[in-house]
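K.L.:
Dropping in target_36.cif, with mmCIF, C-alpha atoms and all ligand atoms.
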data_upload
#
loop_
_atom_site.group_PDB
_atom_site.id
_atom_site.type_symbol
_atom_site.label_atom_id
_atom_site.label_comp_id
_atom_site.auth_asym_id
_atom_site.auth_seq_id
_atom_site.Cartn_x
_atom_site.Cartn_y
_atom_site.Cartn_z
ATOM 1 C CA MET A 1 0.000 0.000 0.000
ATOM 2 C CA THR A 2 1.475 3.352 -1.032
ATOM 3 C CA VAL A 3 -0.102 6.432 0.437
ATOM 4 C CA GLU A 4 0.962 9.784 -1.013
ATOM 5 C CA ILE A 5 0.940 12.483 1.646
ATOM 6 C CA THR A 6 0.339 16.139 0.766
ATOM 7 C CA GLU A 7 1.076 18.572 3.557
ATOM 8 C CA GLY A 8 -0.903 21.770 4.075
ATOM 9 C CA ALA A 9 -0.621 24.349 6.823
ATOM 10 C CA LYS A 10 -3.630 23.013 8.746
ATOM 11 C CA ILE A 11 -4.183 19.515 7.430
ATOM 12 C CA SER A 12 -2.323 16.742 5.689
ATOM 13 C CA ILE A 13 -4.044 14.645 3.040
ATOM 14 C CA GLY A 14 -3.253 11.015 2.316
ATOM 15 C CA PHE A 15 -4.116 9.493 -1.042
ATOM 16 C CA ASP A 16 -3.893 5.768 -1.761
ATOM 17 C CA GLY A 17 -4.237 5.397 -5.528
ATOM 18 C CA GLN A 18 -4.645 1.617 -5.285
ATOM 19 C CA ARG A 19 -7.789 2.049 -3.215
ATOM 20 C CA CYS A 20 -9.378 4.781 -5.368
ATOM 21 C CA ILE A 21 -12.469 3.710 -7.336
ATOM 22 C CA HIS A 22 -12.700 6.984 -9.267
ATOM 23 C CA ALA A 23 -16.092 7.939 -7.884
ATOM 24 C CA ARG A 24 -14.866 11.560 -8.318
ATOM 25 C CA ARG A 25 -16.389 12.807 -5.073
ATOM 26 C CA CYS A 26 -13.087 14.589 -4.404
ATOM 27 C CA VAL A 27 -12.662 16.455 -7.692
ATOM 28 C CA THR A 28 -16.315 17.442 -7.743
ATOM 29 C CA GLY A 29 -16.489 18.184 -3.997
ATOM 30 C CA GLU A 30 -13.447 20.477 -3.701
ATOM 31 C CA PRO A 31 -11.997 21.093 -7.160
ATOM 32 C CA SER A 32 -9.565 23.679 -5.812
ATOM 33 C CA VAL A 33 -7.982 20.975 -3.633
ATOM 34 C CA PHE A 34 -8.365 17.861 -5.806
ATOM 35 C CA ARG A 35 -7.544 19.211 -9.244
ATOM 36 C CA ALA A 36 -8.556 17.040 -12.160
ATOM 37 C CA ASN A 37 -6.483 16.675 -15.337
ATOM 38 C CA VAL A 38 -3.404 18.610 -14.238
ATOM 39 C CA GLU A 39 0.220 17.731 -14.865
ATOM 40 C CA GLY A 40 2.244 17.034 -11.716
ATOM 41 C CA PRO A 41 0.904 17.371 -8.172
ATOM 42 C CA TRP A 42 -2.901 17.344 -8.237
ATOM 43 C CA ILE A 43 -3.690 17.864 -4.538
ATOM 44 C CA ASP A 44 -3.406 21.291 -2.864
ATOM 45 C CA ALA A 45 -3.949 20.836 0.858
ATOM 46 C CA ASP A 46 -4.254 24.615 1.322
ATOM 47 C CA GLY A 47 -6.898 24.989 -1.395
ATOM 48 C CA ALA A 48 -9.858 24.960 1.047
ATOM 49 C CA THR A 49 -10.453 25.053 4.774
ATOM 50 C CA ALA A 50 -9.499 22.018 6.813
ATOM 51 C CA ASP A 51 -13.192 21.412 7.608
ATOM 52 C CA GLU A 52 -14.091 21.476 3.916
ATOM 53 C CA ILE A 53 -11.319 18.997 3.142
ATOM 54 C CA LEU A 54 -12.451 16.747 5.986
ATOM 55 C CA THR A 55 -15.968 16.728 4.507
ATOM 56 C CA VAL A 56 -14.628 15.549 1.158
ATOM 57 C CA ALA A 57 -12.572 12.832 2.831
ATOM 58 C CA LEU A 58 -15.659 11.556 4.672
ATOM 59 C CA ASN A 59 -17.470 11.330 1.316
ATOM 60 C CA CYS A 60 -14.713 9.293 -0.323
ATOM 61 C CA PRO A 61 -16.300 5.825 -0.342
ATOM 62 C CA SER A 62 -13.112 3.849 -0.865
ATOM 63 C CA GLY A 63 -11.049 5.365 1.923
ATOM 64 C CA ALA A 64 -8.462 6.385 -0.688
ATOM 65 C CA ILE A 65 -8.465 9.822 0.913
ATOM 66 C CA THR A 66 -7.609 10.211 4.567
ATOM 67 C CA VAL A 67 -6.762 13.337 6.500
ATOM 68 C CA ARG A 68 -4.842 14.303 9.594
ATOM 69 C CA ARG A 69 -5.576 17.633 11.228
ATOM 70 C CA LYS A 70 -2.791 19.902 12.431
ATOM 71 C CA ASP A 71 -5.082 22.644 13.753
ATOM 72 C CA GLY A 72 -6.810 20.694 16.515
ATOM 73 C CA GLY A 73 -10.105 20.651 14.594
ATOM 74 C CA ASN A 74 -12.531 17.801 14.013
ATOM 75 C CA GLU A 75 -11.089 14.480 12.902
ATOM 76 C CA GLU A 76 -12.844 11.554 11.240
ATOM 77 C CA HIS A 77 -14.632 9.339 13.738
ATOM 78 C CA ALA A 78 -16.330 5.982 13.439
ATOM 79 C CA PRO A 79 -19.905 6.419 12.144
ATOM 80 C CA LYS A 80 -22.803 6.302 14.611
ATOM 81 C CA THR A 81 -23.995 3.073 12.983
ATOM 82 C CA ASN A 82 -22.035 0.622 10.851
ATOM 83 C CA LYS A 83 -23.047 0.576 7.210
ATOM 84 C CA ILE A 84 -22.387 -1.550 4.149
ATOM 85 C CA LEU A 85 -23.789 -0.135 0.913
ATOM 86 C CA VAL A 86 -24.179 -2.456 -2.069
ATOM 87 C CA ARG A 87 -23.212 -0.420 -5.133
ATOM 88 C CA GLU A 88 -25.105 -1.437 -8.261
ATOM 89 C CA ASN A 89 -22.777 -3.336 -10.651
ATOM 90 C CA GLY A 90 -19.908 -2.580 -8.266
ATOM 91 C CA PRO A 91 -18.312 -3.173 -4.890
ATOM 92 C CA LEU A 92 -19.494 -3.214 -1.299
ATOM 93 C CA ALA A 93 -18.884 0.160 0.329
ATOM 94 C CA VAL A 94 -18.159 -0.207 4.034
ATOM 95 C CA ASN A 95 -18.373 2.658 6.498
ATOM 96 C CA ALA A 96 -17.607 1.301 9.948
ATOM 97 C CA GLU A 97 -14.799 0.867 12.405
ATOM 98 C CA VAL A 98 -13.522 -2.074 10.440
ATOM 99 C CA ILE A 99 -10.531 -4.340 10.887
ATOM 100 C CA ILE A 100 -9.707 -6.222 7.702
ATOM 101 C CA ASP A 101 -7.456 -9.217 8.254
ATOM 102 C CA GLY A 102 -3.999 -8.417 6.936
ATOM 103 C CA HIS A 103 -4.828 -4.740 6.273
ATOM 104 C CA GLY A 104 -5.390 -3.218 9.702
ATOM 105 C CA GLU A 105 -8.039 -0.781 10.842
ATOM 106 C CA MET A 106 -9.907 1.692 8.679
ATOM 107 C CA LEU A 107 -13.230 3.559 8.599
ATOM 108 C CA ARG A 108 -14.066 3.403 4.892
ATOM 109 C CA ALA A 109 -13.374 0.763 2.250
ATOM 110 C CA THR A 110 -14.808 -0.529 -1.003
ATOM 111 C CA LEU A 111 -14.529 -4.310 -1.242
ATOM 112 C CA CYS A 112 -14.459 -6.390 -4.417
ATOM 113 C CA ARG A 113 -17.802 -8.028 -5.249
ATOM 114 C CA CYS A 114 -17.125 -9.186 -8.817
ATOM 115 C CA GLY A 115 -14.065 -11.337 -8.037
ATOM 116 C CA LEU A 116 -11.926 -9.623 -10.688
ATOM 117 C CA SER A 117 -9.954 -7.147 -8.586
ATOM 118 C CA GLN A 118 -6.180 -7.408 -8.697
ATOM 119 C CA ASN A 119 -6.067 -5.698 -5.299
ATOM 120 C CA LYS A 120 -8.398 -7.895 -3.248
ATOM 121 C CA PRO A 121 -10.085 -7.554 -0.887
ATOM 122 C CA PHE A 122 -10.333 -3.992 -2.210
ATOM 123 C CA CYS A 123 -12.144 -2.938 -5.369
ATOM 124 C CA ASP A 124 -9.857 -1.752 -8.183
ATOM 125 C CA ASN A 125 -12.650 -0.975 -10.658
ATOM 126 C CA SER A 126 -12.117 -4.257 -12.571
ATOM 127 C CA HIS A 127 -15.894 -4.740 -12.436
ATOM 128 C CA ILE A 128 -16.216 -2.091 -15.160
ATOM 129 C CA LYS A 129 -13.849 -3.760 -17.629
ATOM 130 C CA GLY A 130 -15.263 -7.161 -16.710
ATOM 131 C CA GLY A 131 -18.838 -6.094 -17.427
ATOM 132 C CA PHE A 132 -20.001 -7.185 -13.960
ATOM 133 C CA THR A 133 -23.710 -6.687 -13.442
ATOM 134 C CA ALA A 134 -25.519 -7.187 -10.150
ATOM 135 C CA THR A 135 -28.243 -5.332 -8.398
ATOM 136 C CA GLY A 136 -27.520 -2.780 -5.735
ATOM 137 C CA GLU A 137 -30.733 -3.803 -3.994
ATOM 138 C CA PRO A 138 -30.096 -6.774 -1.712
ATOM 139 C CA ALA A 139 -33.122 -8.718 -0.548
ATOM 140 C CA SER A 140 -34.570 -7.106 2.552
ATOM 141 C CA LYS A 141 -34.912 -9.067 5.747
ATOM 142 C CA ASP A 142 -36.184 -8.414 9.218
ATOM 143 C CA SER A 143 -33.553 -7.335 11.662
ATOM 144 C CA LYS A 144 -34.067 -7.871 15.346
ATOM 145 C CA LEU A 145 -31.037 -5.757 16.165
ATOM 146 C CA ALA A 146 -31.521 -2.507 18.016
ATOM 147 C CA ILE A 147 -29.774 0.546 16.575
ATOM 148 C CA SER A 148 -27.479 0.473 19.599
ATOM 149 C CA GLU A 149 -26.220 -2.930 18.433
ATOM 150 C CA LEU A 150 -25.191 -1.628 15.016
ATOM 151 C CA VAL A 151 -22.040 0.030 16.284
ATOM 152 C CA GLY A 152 -18.574 -0.984 17.331
ATOM 153 C CA PRO A 153 -15.609 -2.618 15.663
ATOM 154 C CA VAL A 154 -16.264 -5.089 12.855
ATOM 155 C CA THR A 155 -13.722 -7.683 11.779
ATOM 156 C CA ILE A 156 -13.731 -8.777 8.139
ATOM 157 C CA ALA A 157 -11.888 -11.965 7.217
ATOM 158 C CA PRO A 158 -11.585 -12.076 3.407
ATOM 159 C CA GLN A 159 -12.031 -15.579 1.953
ATOM 160 C CA PRO A 160 -10.728 -16.943 -1.366
ATOM 161 C CA ASN A 161 -13.673 -16.890 -3.759
ATOM 162 C CA GLY A 162 -15.577 -15.202 -0.940
HETATM 163 S S1 LIG B 1 -12.627 7.010 -4.471
HETATM 164 FE FE1 LIG B 1 -12.068 8.788 -3.182
HETATM 165 S S2 LIG B 1 -10.109 9.458 -4.010
HETATM 166 FE FE2 LIG B 1 -11.018 8.141 -5.568
HETATM 167 S S3 LIG B 1 -12.125 9.571 -6.926
HETATM 168 FE FE3 LIG B 1 -13.587 8.844 -5.376
HETATM 169 S S4 LIG B 1 -13.489 10.422 -3.785
HETATM 170 FE FE4 LIG B 1 -11.668 10.686 -5.046
#
In structure tokens, write the structure found in this file.

P.N.:
Amino acid sequence: MTVEITEGAKISIGFDGQRCIHARRCVTGEPSVFRANVEGPWIDADGATADEILTVALNCPSGAITVRRKDGGNEEHAPKTNKILVRENGPLAVNAEVIIDGHGEMLRATLCRCGLSQNKPFCDNSHIKGGFTATGEPASKDSKLAISELVGPVTIAPQPNG
């Protein structure tokens, strides 16, 4: 895993290109920070306020973007409830305090659902080239869990052909 770090005065931004699924939430969310189609460095960590950059990071589904505050402001925290979103024709998007065997702890991740990723368990967008089609609407089922039970650390143990 290679994370590029861009330092700003109030925040540093990490970008892991292998985890990015090109959802473009960054370049559309703060184009003055995440600059599309430029030569050379494309992230300017002083291009918006630290809070604005944090908001973009929280919207990055893959966890490719992470931030570390230098100004004592808000940091990313575990969500109030754990969530896994099934993306139509694409990966599972996890937002939880998750521990993935062999990859440590993280709060956001997109996990391969088509089986074609060369970076498993993470999505690498191979589903697009592979023409993977699958609904984003899983069958609903009754849950007896209270909201208060939908929090806390989750361990994911990736399985071959899982
Ligand atoms: S996955 Fe994250 S880093 Fe990649 S384009 Fe989307 S928002 Fe940007």

K.L.:
I'd like the residues picked by the PyMOL selection byres (((chain A and resi 105-110) around 6) and not hetatm) written out as a PyMOL selection string, using the chain letters and numbers from the file.

P.N.:
chain A and resi 62-63+91-99+104+111+122-123

K.L.:
Could you pull out the residues sitting within 6 Å of ligand LIG 1 (chain B), using all atoms listed in the file, and write them as a list in words?

P.N.:
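So the residues close to ligand LIG 1 (chain B) are Cys20, Ile21, His22, Ala23, Arg24, Arg25, Cys26, Cys60, Pro61, Ser62, Ala64 and Ile65 of chain A.
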
K.L.:
Got a sec to resolve the PyMOL selection byres (((chain A and resi 30) around 12) and not hetatm) on this structure and send the residues as a ChimeraX atom specification?

P.N.:
/A:24-29,31-36,42-57,59-60

K.L.:
Can you write just those residues out, C-alpha atoms, as a PDB file, keeping the file's coordinate frame?

P.N.:
ATOM      1  CA  ARG A  24     -14.866  11.560  -8.318  1.00  0.00           C
ATOM      2  CA  ARG A  25     -16.389  12.807  -5.073  1.00  0.00           C
ATOM      3  CA  CYS A  26     -13.087  14.589  -4.404  1.00  0.00           C
ATOM      4  CA  VAL A  27     -12.662  16.455  -7.692  1.00  0.00           C
ATOM      5  CA  THR A  28     -16.315  17.442  -7.743  1.00  0.00           C
ATOM      6  CA  GLY A  29     -16.489  18.184  -3.997  1.00  0.00           C
ATOM      7  CA  PRO A  31     -11.997  21.093  -7.160  1.00  0.00           C
ATOM      8  CA  SER A  32      -9.565  23.679  -5.812  1.00  0.00           C
ATOM      9  CA  VAL A  33      -7.982  20.975  -3.633  1.00  0.00           C
ATOM     10  CA  PHE A  34      -8.365  17.861  -5.806  1.00  0.00           C
ATOM     11  CA  ARG A  35      -7.544  19.211  -9.244  1.00  0.00           C
ATOM     12  CA  ALA A  36      -8.556  17.040 -12.160  1.00  0.00           C
ATOM     13  CA  TRP A  42      -2.901  17.344  -8.237  1.00  0.00           C
ATOM     14  CA  ILE A  43      -3.690  17.864  -4.538  1.00  0.00           C
ATOM     15  CA  ASP A  44      -3.406  21.291  -2.864  1.00  0.00           C
ATOM     16  CA  ALA A  45      -3.949  20.836   0.858  1.00  0.00           C
ATOM     17  CA  ASP A  46      -4.254  24.615   1.322  1.00  0.00           C
ATOM     18  CA  GLY A  47      -6.898  24.989  -1.395  1.00  0.00           C
ATOM     19  CA  ALA A  48      -9.858  24.960   1.047  1.00  0.00           C
ATOM     20  CA  THR A  49     -10.453  25.053   4.774  1.00  0.00           C
ATOM     21  CA  ALA A  50      -9.499  22.018   6.813  1.00  0.00           C
ATOM     22  CA  ASP A  51     -13.192  21.412   7.608  1.00  0.00           C
ATOM     23  CA  GLU A  52     -14.091  21.476   3.916  1.00  0.00           C
ATOM     24  CA  ILE A  53     -11.319  18.997   3.142  1.00  0.00           C
ATOM     25  CA  LEU A  54     -12.451  16.747   5.986  1.00  0.00           C
ATOM     26  CA  THR A  55     -15.968  16.728   4.507  1.00  0.00           C
ATOM     27  CA  VAL A  56     -14.628  15.549   1.158  1.00  0.00           C
ATOM     28  CA  ALA A  57     -12.572  12.832   2.831  1.00  0.00           C
ATOM     29  CA  ASN A  59     -17.470  11.330   1.316  1.00  0.00           C
ATOM     30  CA  CYS A  60     -14.713   9.293  -0.323  1.00  0.00           C
TER      31      CYS A  60
END

K.L.:
For a quick check of understanding, using only C-alpha atoms, which of A:Ser117, A:Glu137, A:Lys80, A:Leu85 has the smallest distance to A:Gln18?

P.N.:
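Among A:Ser117, A:Glu137, A:Lys80, A:Leu85, it is A:Ser117 that comes nearest to A:Gln18.
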
K.L.:
Atom CA of A:Gly136 and atom CA of A:Val86 are how many Å apart?

P.N.:
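Interatomic distance here is 5.0 Å.
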
K.L.:
Figure out the distance between atom CA of A:Cys114 and atom CA of A:Phe132, please, to one decimal in Å.

P.N.:
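It comes out at 6.2 Å.
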
K.L.:
Using the chain letters and numbers from this file, what does the PyMOL selection byres (((chain A and resi 135) around 8) and not hetatm) select? Give the answer as a PyMOL selection string.

P.N.:
chain A and resi 87-89+133-134+136-138

K.L.:
Measuring atom to atom with all atoms listed in the file, identify which of A:Asn37, A:Gln159, A:Thr66, A:Thr2 is nearest to A:Gly14.

P.N.:
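The closest residue to A:Gly14 is A:Thr66.
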
K.L.:
Rank nothing, just name the residue among A:Gly8, A:Ser126, A:Thr81, A:Gly17 nearest to A:Ala146, using all atoms listed in the file.

P.N.:
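Closest to A:Ala146, using all atoms listed in the file: A:Thr81.
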
K.L.:
Quick one: of A:Arg68, A:Asn82, A:Thr6, A:Gly102, who's nearest to A:Glu149, counting only C-alpha atoms?

P.N.:
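Distance minimum relative to A:Glu149 lands on A:Asn82.
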
K.L.:
Which of these residues is nearest to A:Gln118, using all atoms listed in the file: A:Ile156, A:Arg19, A:Ser140, A:Ser12?

P.N.:
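Among A:Ile156, A:Arg19, A:Ser140, A:Ser12, it is A:Arg19 that comes nearest to A:Gln118.
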
K.L.:
To one decimal place, how far is atom CA of A:Pro160 from atom CA of A:Asp124 in Å?

P.N.:
16.7 Å

K.L.:
Measuring between all atoms listed in the file, which one of A:Ile5, A:Lys129, A:Val154, A:Lys141 shows the shortest distance to A:Pro41?

P.N.:
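Of A:Ile5, A:Lys129, A:Val154, A:Lys141, the one nearest A:Pro41, counting all atoms listed in the file, is A:Ile5.
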
K.L.:
With 6 Å of padding per side, what axis-aligned box (centre and edge lengths, Å, one decimal) covers all the listed atoms of stretch 23-30 of chain A? Give it as JSON.

P.N.:
{"center_x": -14.6, "center_y": 14.2, "center_z": -6.0, "size_x": 15.8, "size_y": 24.5, "size_z": 16.6}
